[in-house]
Amino acid sequence: MEFSVNHPIIFIMVGAIIALVLAQSVFFLVRAVKRAKALGIAKSTVTKTITSAALFTIAPAVAILVGVVALSKSLGLALPWLRLSVIGSITYETVAAGNAIEAAGQTMSELVSDPSIFITIAWVMTVGIAAGLVFVPFVTKKLQSGMSKIGMKDKKWGEIFNNAMFLGMISAFLGYVFCDVGLIVKGDTSGLIPVCVMAVAAVVMAVLGLIATKTKIRWLTDYALPVSLIAGMASAIPFTALLG
Amino acid sequence: MKKTMSYMDSVHHYGRIWGIIVGVVLLFFPVALSLIFGVLPNWSVLLKGVIATAPMYWAVGIVEIFTYVPMLGAGGTYLSFVTGNISNLKLPCAIDAMERAGVKASDEEGEVISTIAIAASSIVTTLIIILGVICIVPLTPVLEAPLLAPAFDMILPALFGGLAVVFISKNLKLSIAPVILMLVLFIFIPALNAGTVGIMVPVGVIVTVIYARILYKKGAL
């Protein structure tokens, strides 16, 4: 068969795999919603969880789409569509594709026309991130039941442990926000952009939280994170113009 | 067998089955391309590409399993490790949902809420990308607009700014030391940047858990 990066058969295969991944999410969603009912979790909590998660997802999903467009210049549409819909992340897929394209002696802006190179790139992108796919089915149960045991042995410590993990992750990302502020000594203020963006998101979140508590408008807290995310992202535009 | 399985056991049971099926299908995809187009991969390019990519991402990936499983819960893990974008989307989404519902990941209530949030997020992501791929021609100029580029580049700071407010304000005592430590490390070590933040997440988690344990033993929490 004559090869092209946008060959219909590649689209058909990718579509089928994505349908499978979608089916898995639907399967787990339906079962979790049923279980929530059995556990006596209020229906409104379940509905709010779904709508808030959906709303929160829109902006990052559009950013992932930007990644698909960027990669489509060299790889066509089908392979980036698959790769950015399954395991990996927008940063990983770009790095992996870049490594493979570079190893083939090409650049990210020219379309891959050699089927052998295309297949090689698909291999690198698949294998490079396969650790999770290989290990998760076999170690999750052990890890997860170990966690529940900590919670059962000492309830208070279980809760602190939980919060400590979240805080540890959040603090790492806060550190990352500040990683380029040192450039300011060289007269480069672009390192302040992420700091300002984070500050805007934080202030919006705090203000929404305060309004929600003062006015008792509970639904406001359900959408506070998506709103602060969008506000922060939007503020990046003037901050970049000013500091970049 | 179905009747005697608890919900948690069934999550692991089906999670494994789905995980193995999707894993095999994903690994088979490049093989299928070879069969269809009748060509083999270029072995030397493959080797170079894998050497440049796999060691770091496998190391990070294995550490991520240990770090993220306790936070995501079982159902959330089985879904997230198939659909990806964990730290920049699925985990913040699950953390926010559990926080608002007042449940924790190690309880069954937390497990259920986390799974619902991550499943909803995965479905929406997949659908948005499908829509985007269908409408790629009219959308490309918008998605590539130089005006919007900074907004897409700044997702992580915007996301963690909001999340940090919630968690730091509720755990002030526990937060100060880890946050200061990470700020100092990232500001003064040039090697720590967007590419290496993935490695620093487990470091942050371990440090904070040890610090929490010390404070807890002292009765300070």
# chains A, B, ... in the order shown; residues from 1 in each chain; ligands from 1
>>> residues_around(residues="Ile199 in chain B", least_positions_apart="4", cutoff="12 Å", atoms="only C-alpha atoms", output="list in words")
Met169, Ala172, Phe173 and Tyr176 of chain A; Met56, Tyr57, Trp58, Ala59, Val60, Gly61, Ile62, Val63, Glu64, Thr67, Ser87, Ala191, Leu192, Asn193, Ala194, Gly195, Val203, Gly204, Val205 and Ile206 of chain B
>>> closest_residue(among="A:Lys73, A:Ile119, A:Gly158, A:Thr94", to="Phe28 in chain B", atoms="only C-alpha atoms")
A:Ile119
>>> closest_residue(among="B:Ala151, B:Leu127, B:Leu47, B:Ile168", to="Pro194 in chain A", atoms="only C-alpha atoms")
B:Ala151
>>> closest_residue(among="A:Ser44, A:Phe28, A:Gly151, A:Gln106", to="His13 in chain B", atoms="only C-alpha atoms")
A:Phe28
>>> atom_distance(atom1="CA of Thr140 in chain A", atom2="CA of Ala97 in chain A")
28.8 Å
>>> residues_around(residues="Met182 in chain B", least_positions_apart="3", cutoff="7 Å", atoms="only C-alpha atoms", output="list in words")
Ser171, Ala172 and Gly175 of chain A; Pro178, Val179, Leu185 and Phe186 of chain B
>>> select_by_dssp(residues="chain B", states="alpha helix (DSSP H)", output="PyMOL selection string")
chain B and resi 7-37+43-72+74-83+91-101+108-134+136-143+149-153+155-170+172-188+197-217
>>> closest_residue(among="B:Leu91, B:Ala54, B:Ala32, B:Ile128", to="Val69 in chain B", atoms="only C-alpha atoms")
B:Leu91
>>> closest_residue(among="B:Thr196, B:Ala158, B:Ile210, B:Ser10", to="chain A", atoms="only C-alpha atoms")
B:Ala158
>>> closest_residue(among="A:Pro226, A:Gly67, A:Gly128, A:Gly168", to="Leu143 in chain B", atoms="only C-alpha atoms")
A:Gly67
>>> residues_around(residues="Trp157 in chain A", least_positions_apart="6", cutoff="12 Å", atoms="only C-alpha atoms", output="compact mmCIF listing (two decimals) with C-alpha atoms, in the first residue's frame")
# COMPACT_ATOMS: atom_id res chain seq x y z
CA MET A 147 -2.44 3.00 51.37
CA SER A 148 -5.85 2.02 52.70
CA LYS A 149 -4.13 0.16 55.53
CA ILE A 150 -2.30 3.32 56.62
CA GLY A 151 -5.66 5.09 56.70
CA ASN A 163 -2.55 16.04 52.39
CA ALA A 164 1.25 15.82 52.65
CA SER B 106 -7.63 6.16 50.63
CA VAL B 209 5.55 13.15 53.98
CA ILE B 210 8.67 12.76 56.15
CA ALA B 212 4.58 15.66 58.17
CA ARG B 213 5.51 12.50 60.08
CA ILE B 214 7.99 14.42 62.23
CA LEU B 215 5.45 17.16 62.98
CA TYR B 216 2.78 14.56 63.69
CA LYS B 217 5.00 12.60 66.10
CA GLY B 219 2.06 16.50 68.19
CA LEU B 221 -0.29 18.87 63.63
>>> residues_around(residues="Gly162 in chain B", least_positions_apart="2", cutoff="10 Å", atoms="only C-alpha atoms", output="PyMOL selection string")
(chain A and resi 198-206+224-229+232) or (chain B and resi 96+157-160+164-167)
>>> write_last_selection(atoms="N, CA and C atoms", output="CSV table (one decimal), in the first residue's frame")
chain,number,residue,atom,x,y,z
A,198,MET,N,0.7,32.7,38.0
A,198,MET,CA,0.3,32.0,39.2
A,198,MET,C,-0.4,32.9,40.2
A,199,ALA,N,0.2,34.1,40.4
A,199,ALA,CA,-0.4,35.0,41.4
A,199,ALA,C,-1.8,35.4,41.0
A,200,VAL,N,-2.0,35.6,39.8
A,200,VAL,CA,-3.4,36.0,39.3
A,200,VAL,C,-4.4,34.8,39.6
A,201,ALA,N,-4.0,33.6,39.2
A,201,ALA,CA,-4.8,32.4,39.5
A,201,ALA,C,-5.1,32.3,41.0
A,202,ALA,N,-4.0,32.5,41.8
A,202,ALA,CA,-4.2,32.3,43.2
A,202,ALA,C,-5.1,33.3,43.8
A,203,VAL,N,-5.0,34.6,43.4
A,203,VAL,CA,-5.9,35.6,43.9
A,203,VAL,C,-7.3,35.4,43.5
A,204,VAL,N,-7.5,35.0,42.2
A,204,VAL,CA,-8.9,34.7,41.8
A,204,VAL,C,-9.5,33.6,42.6
A,205,MET,N,-8.7,32.6,42.8
A,205,MET,CA,-9.2,31.4,43.6
A,205,MET,C,-9.6,31.9,45.0
A,206,ALA,N,-8.7,32.6,45.6
A,206,ALA,CA,-8.9,33.1,47.0
A,206,ALA,C,-10.1,34.0,47.1
A,224,ALA,N,-14.7,27.3,40.9
A,224,ALA,CA,-13.6,28.2,41.3
A,224,ALA,C,-12.3,27.8,40.6
A,225,LEU,N,-11.9,26.5,40.5
A,225,LEU,CA,-10.7,26.1,39.9
A,225,LEU,C,-10.7,26.4,38.4
A,226,PRO,N,-11.7,25.9,37.7
A,226,PRO,CA,-11.7,26.2,36.2
A,226,PRO,C,-11.7,27.7,36.0
A,227,VAL,N,-12.4,28.5,36.8
A,227,VAL,CA,-12.4,30.0,36.5
A,227,VAL,C,-11.0,30.6,36.8
A,228,SER,N,-10.3,30.1,37.9
A,228,SER,CA,-9.0,30.7,38.2
A,228,SER,C,-8.0,30.2,37.1
A,229,LEU,N,-8.2,29.0,36.6
A,229,LEU,CA,-7.3,28.5,35.6
A,229,LEU,C,-7.4,29.4,34.3
A,232,GLY,N,-6.0,32.9,35.0
A,232,GLY,CA,-4.5,32.9,35.0
A,232,GLY,C,-4.0,32.8,33.5
B,96,ASP,N,-9.0,18.3,43.2
B,96,ASP,CA,-10.0,19.3,43.4
B,96,ASP,C,-11.4,18.7,43.7
B,157,PRO,N,1.4,27.1,35.6
B,157,PRO,CA,1.4,28.1,36.6
B,157,PRO,C,-0.1,28.5,37.0
B,158,ALA,N,-0.9,28.6,36.0
B,158,ALA,CA,-2.3,29.0,36.3
B,158,ALA,C,-3.0,27.9,37.1
B,159,LEU,N,-2.8,26.7,36.7
B,159,LEU,CA,-3.4,25.6,37.4
B,159,LEU,C,-3.0,25.4,38.8
B,160,PHE,N,-1.7,25.4,39.0
B,160,PHE,CA,-1.2,25.2,40.4
B,160,PHE,C,-1.3,26.4,41.3
B,164,ALA,N,-2.9,25.6,44.7
B,164,ALA,CA,-2.0,25.9,45.9
B,164,ALA,C,-2.8,26.7,47.0
B,165,VAL,N,-3.6,27.6,46.5
B,165,VAL,CA,-4.4,28.4,47.5
B,165,VAL,C,-5.2,27.5,48.4
B,166,VAL,N,-5.9,26.6,47.8
B,166,VAL,CA,-6.8,25.7,48.6
B,166,VAL,C,-6.0,24.9,49.6
B,167,PHE,N,-4.9,24.3,49.1
B,167,PHE,CA,-4.2,23.3,50.0
B,167,PHE,C,-3.3,24.0,51.0
>>> residues_around(residues="Val25 in chain B", least_positions_apart="5", cutoff="12 Å", atoms="only C-alpha atoms", output="number ranges by chain")
A: 13-14, 16-21, 82, 86, 126, 133; B: 18-20, 30-32, 82
>>> write_last_selection(atoms="C-alpha atoms", output="mmCIF file, in the first residue's frame")
data_model
loop_
_atom_site.group_PDB
_atom_site.id
_atom_site.type_symbol
_atom_site.label_atom_id
_atom_site.label_comp_id
_atom_site.auth_asym_id
_atom_site.auth_seq_id
_atom_site.Cartn_x
_atom_site.Cartn_y
_atom_site.Cartn_z
ATOM 1 C CA MET A 13 -6.847 2.270 13.250
ATOM 2 C CA VAL A 14 -6.351 5.329 15.424
ATOM 3 C CA ALA A 16 -10.651 2.308 16.720
ATOM 4 C CA ILE A 17 -8.008 2.552 19.452
ATOM 5 C CA ILE A 18 -9.445 5.858 20.698
ATOM 6 C CA ALA A 19 -12.943 4.312 20.749
ATOM 7 C CA LEU A 20 -11.515 1.542 22.959
ATOM 8 C CA VAL A 21 -9.930 4.074 25.334
ATOM 9 C CA LEU A 82 -3.455 8.894 18.856
ATOM 10 C CA VAL A 86 -3.326 8.081 25.201
ATOM 11 C CA THR A 126 5.110 4.230 22.122
ATOM 12 C CA LEU A 133 1.369 0.599 30.698
ATOM 13 C CA TRP B 18 -8.577 -3.073 30.434
ATOM 14 C CA GLY B 19 -4.994 -2.068 31.135
ATOM 15 C CA ILE B 20 -3.584 -5.199 29.528
ATOM 16 C CA PRO B 30 3.395 0.226 15.157
ATOM 17 C CA VAL B 31 3.527 -3.485 14.263
ATOM 18 C CA ALA B 32 0.270 -3.089 12.343
ATOM 19 C CA VAL B 82 -3.990 4.839 29.832
#
>>> atom_distance(atom1="CA of Val137 in chain B", atom2="CA of Ala236 in chain A")
26.0 Å
